[in-house]
Amino acid sequence: MENSTSRDNNWQMKQISEEEINAYPFSEFIQKDICIFCGKEAKVNAKTLCKACSKKLSSRVHFINDLSITSKIKNGENNSESMLRVLIEFGQSTEFKLKNPIAVTFSNDRNIIVLDYPTAHNYRLSIFSPDGKYEKTLIELSKGSGYNELNKPKGMSADKWGNIYIADSGNNRIQRTDLNGGILGPIGNYGKKHGQFFYPCDICIDELGMLYIADTGNNRIQKITPQGMPLLIIGETTEFLDIEGELIFNEPYGVFVDVNGDIWVSDTNNHRLIKFDAKGNLSFKFGEEGENFGNLSYPWSVYINSAGFIYVFDMDNQRMQIFNTYGEFVQVFFIDGNLAALGGKGISFDAGGDFLFCNTVDGTIIRFEILL
């Protein structure tokens with residue numbers, strides 16, 4: 001594999017071999033916490049403030065590179081050694097406070113859309129500027145099964161025309177709204193027929209506006225039009241086997257469509273990633289259950305950047321792993337469990353190389369930039 005570089009091309013990253021990975025137990029790599037604001041080892045005081053920079057550590061990142069824990073996380077600096085940095089953490093201003101954020105996504109103009117759960121009876125969809133400034137609340141939706149209600153929502157995505165699609169998991173459908181706060185009406189209902197859903201958990205939208213739904217309970221991926229017309233079904237029956245004669249999916253939780261039209265799926269309960277071509281033919285898979293580097297444990301989300309690197313949010317291991325095009329382990333960031341949205345999806349990527357995490361415990365959204 002050729003070395004990969006950061007954006008300024010001054011820092012080259014070494015790939016860690018399988019022999020090196022196996023030589024170091026997982027437990028040896030999480031003995032230090034790195035402050036996500038100043039990049040130094042987080043020796044905290046009783047108020048959970050970093051002693052180096054005095055920032056509140058609502059979350060921390062354990063960063064691994066070349067088999068050593070480093071302090072290369074630099075907030076706001078274009079440092080050639082930085083692989084990950086926090087751009088902003090927001091959601092608790094005096095003007096507006098998030099509570100229990102459970103899903104987040106970018107709009108086409110890179111504004112940030114957040115779905116939170118402020119009370120036991122309603123959900124709230126709000127929009128923030130790219131720098132985290134509260135703009136407005138788009139709409140409040142009651143908890144329930146009605147036309148304009150939600151129940152246990154998971155993933156969320158927005159198209160370039162300003163339409164917002166929410167995996168309304170508890171109602172077995174996709175709820176639709178827009179940036180004006182209008183309700184466009186739900187798509188689908190409970191069932192196994194094409195265009196029906198059973199606990200959908202994620203949504204990805206391609207350049208043409210077609211929706212790819214992780215129809216988790218039905219163990220399949222559905223490609224549908226914005227109006228709900230089925231176009232492609234992947235992995236729905238016992239006849240749909242992989243090349244080793246095994247059923248393809250076991251509760252797939254995440255789906256992503258790359259620039260080539262290939263469809264990537266987090267096959268969550270099988271602890272692996274699967275790639276299909278645009279027609280739904282299986283072309284590649286990798287991943288085994290475990291906690292060593294390169295192993296996965298209930299992967300949630302998958303994203304492919306423009307250079308072909310594969311980003312996987314490895315949920316049970318509380319980390320983001322990066323793989324090359326061939327599924328070979330490249331890099332890992334350990335992320336504090338507070339960032340995983342309670343009961344939601346809680347993570348989103350954008351084409352510019354940033355990703356968002358819902359910090360449910362503190363009611364904030366953290367925006368990271370990956371310099372790879």
# chains A, B, ... in the order shown; residues from 1 in each chain; ligands from 1
$ residues_around --residues "range 262-270 of chain A" --least-positions-apart "4" --cutoff "7 Å" --atoms "only C-alpha atoms" --output "list of chain:residue names"
A:Phe249, A:Asn250, A:Glu251, A:Pro252, A:Tyr253, A:Gly254, A:Val255, A:Phe256, A:Val257, A:Asp258, A:Ile274, A:Lys275, A:Phe276, A:Asp277, A:Ala278, A:Tyr298, A:Pro299, A:Trp300, A:Ser301, A:Val302
$ select_by_dssp --residues "range 205-316 of chain A" --states "strand (DSSP E)" --output "PyMOL selection string"
chain A and resi 205+211-215+220-224+230-234+254-257+263-267+272-276+282-286+299-304+310-314
$ closest_residue --among "A:Asp168, A:Pro226, A:Lys136, A:Asp215" --to "Leu184 in chain A" --atoms "only C-alpha atoms"
A:Pro226
$ closest_residue --among "A:Glu291, A:Val330, A:Gly188, A:Cys358" --to "Gln318 in chain A" --atoms "only C-alpha atoms"
A:Glu291
$ residues_around --residues "Ile322 in chain A" --least-positions-apart "5" --cutoff "8 Å" --atoms "only C-alpha atoms" --output "JSON list (two decimals) with C-alpha atoms, in the first residue's frame"
[["chain", "number", "residue", "atom", "x", "y", "z"],
["A", 309, "PHE", "CA", -10.61, 5.45, 2.63],
["A", 310, "ILE", "CA", -13.32, 3.62, 4.55],
["A", 311, "TYR", "CA", -14.45, 5.12, 7.87],
["A", 312, "VAL", "CA", -16.35, 2.81, 10.22],
["A", 329, "PHE", "CA", -6.57, -1.46, 8.75],
["A", 330, "VAL", "CA", -4.95, 1.99, 8.59],
["A", 331, "GLN", "CA", -5.89, 4.13, 11.59],
["A", 332, "VAL", "CA", -8.07, 4.27, 14.69]]
$ residues_around --residues "Tyr134 in chain A" --least-positions-apart "4" --cutoff "8 Å" --atoms "only C-alpha atoms" --output "NGL selection string"
:A and (91 or 95-96 or 126-129)
$ write_last_selection --atoms "all heavy atoms" --output "tab-separated table (two decimals), in the first residue's frame"
chain	number	residue	atom	x	y	z
A	91	GLY	N	-24.35	23.63	21.33
A	91	GLY	CA	-25.67	23.14	21.69
A	91	GLY	C	-26.12	23.52	23.08
A	91	GLY	O	-27.23	23.17	23.49
A	95	GLU	N	-28.85	31.06	24.57
A	95	GLU	CA	-30.01	31.28	23.71
A	95	GLU	C	-30.82	30.01	23.48
A	95	GLU	O	-32.05	30.04	23.39
A	95	GLU	CB	-29.54	31.83	22.36
A	95	GLU	CG	-30.66	32.10	21.37
A	95	GLU	CD	-30.13	32.57	20.03
A	95	GLU	OE1	-28.89	32.57	19.84
A	95	GLU	OE2	-30.95	32.92	19.16
A	96	PHE	N	-30.12	28.88	23.40
A	96	PHE	CA	-30.80	27.63	23.06
A	96	PHE	C	-29.99	26.46	23.61
A	96	PHE	O	-28.78	26.42	23.48
A	96	PHE	CB	-30.93	27.50	21.54
A	96	PHE	CG	-31.64	26.26	21.09
A	96	PHE	CD1	-33.02	26.22	21.03
A	96	PHE	CD2	-30.93	25.12	20.73
A	96	PHE	CE1	-33.69	25.08	20.61
A	96	PHE	CE2	-31.58	23.98	20.30
A	96	PHE	CZ	-32.97	23.96	20.25
A	126	SER	N	-33.94	21.21	14.80
A	126	SER	CA	-33.38	22.57	14.83
A	126	SER	C	-32.22	22.67	13.85
A	126	SER	O	-31.61	21.66	13.47
A	126	SER	CB	-32.90	22.93	16.24
A	126	SER	OG	-33.94	22.80	17.18
A	127	ILE	N	-31.91	23.89	13.47
A	127	ILE	CA	-30.82	24.12	12.52
A	127	ILE	C	-29.80	25.08	13.13
A	127	ILE	O	-30.16	26.05	13.81
A	127	ILE	CB	-31.35	24.64	11.17
A	127	ILE	CG1	-30.25	24.63	10.12
A	127	ILE	CG2	-32.00	26.01	11.30
A	127	ILE	CD1	-30.77	24.74	8.70
A	128	PHE	N	-28.52	24.76	12.89
A	128	PHE	CA	-27.40	25.56	13.37
A	128	PHE	C	-26.53	25.93	12.17
A	128	PHE	O	-26.47	25.22	11.17
A	128	PHE	CB	-26.56	24.77	14.38
A	128	PHE	CG	-27.30	24.41	15.64
A	128	PHE	CD1	-28.18	23.35	15.68
A	128	PHE	CD2	-27.10	25.15	16.81
A	128	PHE	CE1	-28.86	23.02	16.85
A	128	PHE	CE2	-27.77	24.83	17.97
A	128	PHE	CZ	-28.65	23.77	17.99
A	129	SER	N	-25.83	27.05	12.29
A	129	SER	CA	-24.89	27.45	11.25
A	129	SER	C	-23.69	26.51	11.26
A	129	SER	O	-23.49	25.75	12.22
A	129	SER	CB	-24.44	28.89	11.49
A	129	SER	OG	-23.66	28.96	12.68
$ closest_residue --among "A:Gly181, A:Val86, A:Thr137, A:Gly209" --to "Leu98 in chain A" --atoms "only C-alpha atoms"
A:Thr137
$ closest_residue --among "A:Gln321, A:Asn171, A:Asn305, A:Asn151" --to "Tyr117 in chain A" --atoms "only C-alpha atoms"
A:Asn151
$ atom_distance --atom1 "CA of Thr216 in chain A" --atom2 "CA of Arg110 in chain A"
27.9 Å
$ atom_distance --atom1 "CA of Tyr147 in chain A" --atom2 "CA of Ile113 in chain A"
21.2 Å
$ atom_distance --atom1 "CA of Gly217 in chain A" --atom2 "CA of Ala351 in chain A"
28.6 Å
$ closest_atom_pairs --of "range 175-223 of chain A" --to "range 346-350 of chain A" --cutoff "12 Å" --atoms "only C-alpha atoms" --output "tab-separated table"
residue	atom	partner	partner_atom	distance
A:Cys201	CA	A:Gly346	CA	11.3
A:Asp202	CA	A:Ser348	CA	10.5
A:Ile203	CA	A:Ser348	CA	10.7
A:Cys204	CA	A:Ser348	CA	10.3
A:Ile205	CA	A:Asp350	CA	11.8
$ write_last_selection --atoms "all heavy atoms" --output "PDB file, in the first residue's frame"
ATOM      1  N   CYS A 201     -33.168   1.980  10.109  1.00  0.00           N
ATOM      2  CA  CYS A 201     -32.232   2.675  10.995  1.00  0.00           C
ATOM      3  C   CYS A 201     -31.343   3.706  10.326  1.00  0.00           C
ATOM      4  O   CYS A 201     -30.741   4.527  11.022  1.00  0.00           O
ATOM      5  CB  CYS A 201     -31.348   1.656  11.723  1.00  0.00           C
ATOM      6  SG  CYS A 201     -32.197   0.781  13.053  1.00  0.00           S
ATOM      7  N   ASP A 202     -31.233   3.698   9.010  1.00  0.00           N
ATOM      8  CA  ASP A 202     -30.331   4.656   8.384  1.00  0.00           C
ATOM      9  C   ASP A 202     -30.818   5.007   6.990  1.00  0.00           C
ATOM     10  O   ASP A 202     -31.550   4.231   6.351  1.00  0.00           O
ATOM     11  CB  ASP A 202     -28.910   4.101   8.308  1.00  0.00           C
ATOM     12  CG  ASP A 202     -27.858   5.176   8.077  1.00  0.00           C
ATOM     13  OD1 ASP A 202     -28.155   6.358   8.333  1.00  0.00           O
ATOM     14  OD2 ASP A 202     -26.738   4.839   7.646  1.00  0.00           O
ATOM     15  N   ILE A 203     -30.392   6.191   6.523  1.00  0.00           N
ATOM     16  CA  ILE A 203     -30.771   6.708   5.212  1.00  0.00           C
ATOM     17  C   ILE A 203     -29.551   7.349   4.574  1.00  0.00           C
ATOM     18  O   ILE A 203     -28.838   8.111   5.215  1.00  0.00           O
ATOM     19  CB  ILE A 203     -31.888   7.773   5.326  1.00  0.00           C
ATOM     20  CG1 ILE A 203     -33.108   7.219   6.058  1.00  0.00           C
ATOM     21  CG2 ILE A 203     -32.285   8.293   3.940  1.00  0.00           C
ATOM     22  CD1 ILE A 203     -34.131   8.283   6.403  1.00  0.00           C
ATOM     23  N   CYS A 204     -29.317   7.059   3.307  1.00  0.00           N
ATOM     24  CA  CYS A 204     -28.316   7.758   2.512  1.00  0.00           C
ATOM     25  C   CYS A 204     -28.994   8.225   1.230  1.00  0.00           C
ATOM     26  O   CYS A 204     -29.867   7.524   0.702  1.00  0.00           O
ATOM     27  CB  CYS A 204     -27.134   6.842   2.199  1.00  0.00           C
ATOM     28  SG  CYS A 204     -25.801   7.667   1.288  1.00  0.00           S
ATOM     29  N   ILE A 205     -28.598   9.379   0.741  1.00  0.00           N
ATOM     30  CA  ILE A 205     -29.214   9.956  -0.449  1.00  0.00           C
ATOM     31  C   ILE A 205     -28.136  10.173  -1.505  1.00  0.00           C
ATOM     32  O   ILE A 205     -27.092  10.775  -1.220  1.00  0.00           O
ATOM     33  CB  ILE A 205     -29.907  11.287  -0.113  1.00  0.00           C
ATOM     34  CG1 ILE A 205     -30.948  11.076   0.993  1.00  0.00           C
ATOM     35  CG2 ILE A 205     -30.560  11.884  -1.356  1.00  0.00           C
ATOM     36  CD1 ILE A 205     -31.586  12.351   1.491  1.00  0.00           C
TER      37      ILE A 205
END
$ decode --residues "range 83-139 of chain A" --atoms "C-alpha atoms" --output "compact mmCIF listing (two decimals), in the first residue's frame"
# COMPACT_ATOMS: atom_id res chain seq x y z
CA MET A 83 -5.05 13.61 11.89
CA LEU A 84 -8.14 14.64 13.81
CA ARG A 85 -9.21 17.89 15.34
CA VAL A 86 -12.26 19.33 17.02
CA LEU A 87 -13.63 22.29 15.13
CA ILE A 88 -16.54 23.15 17.42
CA GLU A 89 -18.70 21.80 20.22
CA PHE A 90 -22.10 23.47 20.50
CA GLY A 91 -25.67 23.14 21.69
CA GLN A 92 -25.62 24.64 25.18
CA SER A 93 -25.68 28.40 24.56
CA THR A 94 -27.72 30.78 26.70
CA GLU A 95 -30.01 31.28 23.71
CA PHE A 96 -30.80 27.63 23.06
CA LYS A 97 -30.02 24.32 24.74
CA LEU A 98 -30.20 20.90 23.19
CA LYS A 99 -31.43 17.98 25.26
CA ASN A 100 -30.79 14.36 24.34
CA PRO A 101 -29.64 14.92 20.73
CA ILE A 102 -30.19 11.65 18.88
CA ALA A 103 -29.58 12.35 15.18
CA VAL A 104 -27.62 14.91 13.19
CA THR A 105 -26.89 15.66 9.56
CA PHE A 106 -25.59 18.36 7.22
CA SER A 107 -27.77 20.35 4.84
CA ASN A 108 -26.60 21.03 1.30
CA ASP A 109 -25.15 24.41 2.38
CA ARG A 110 -23.35 22.71 5.29
CA ASN A 111 -25.67 24.00 7.96
CA ILE A 112 -26.18 21.44 10.72
CA ILE A 113 -29.57 19.87 11.37
CA VAL A 114 -30.11 18.31 14.80
CA LEU A 115 -32.94 16.13 16.06
CA ASP A 116 -33.21 16.09 19.84
CA TYR A 117 -35.64 14.74 22.42
CA PRO A 118 -36.30 17.56 24.90
CA THR A 119 -39.19 15.85 26.71
CA ALA A 120 -40.68 12.39 26.96
CA HIS A 121 -43.49 13.48 24.64
CA ASN A 122 -41.91 15.34 21.75
CA TYR A 123 -38.98 15.61 19.36
CA ARG A 124 -37.48 18.83 18.02
CA LEU A 125 -35.73 19.55 14.72
CA SER A 126 -33.38 22.57 14.83
CA ILE A 127 -30.82 24.12 12.52
CA PHE A 128 -27.40 25.56 13.37
CA SER A 129 -24.89 27.45 11.25
CA PRO A 130 -21.67 25.68 10.20
CA ASP A 131 -19.90 27.31 13.18
CA GLY A 132 -22.52 26.03 15.63
CA LYS A 133 -24.68 29.13 16.09
CA TYR A 134 -28.33 28.37 16.73
CA GLU A 135 -30.47 29.60 13.84
CA LYS A 136 -33.99 28.35 14.47
CA THR A 137 -36.20 25.43 15.39
CA LEU A 138 -37.74 24.04 12.23
CA ILE A 139 -40.49 21.96 13.76
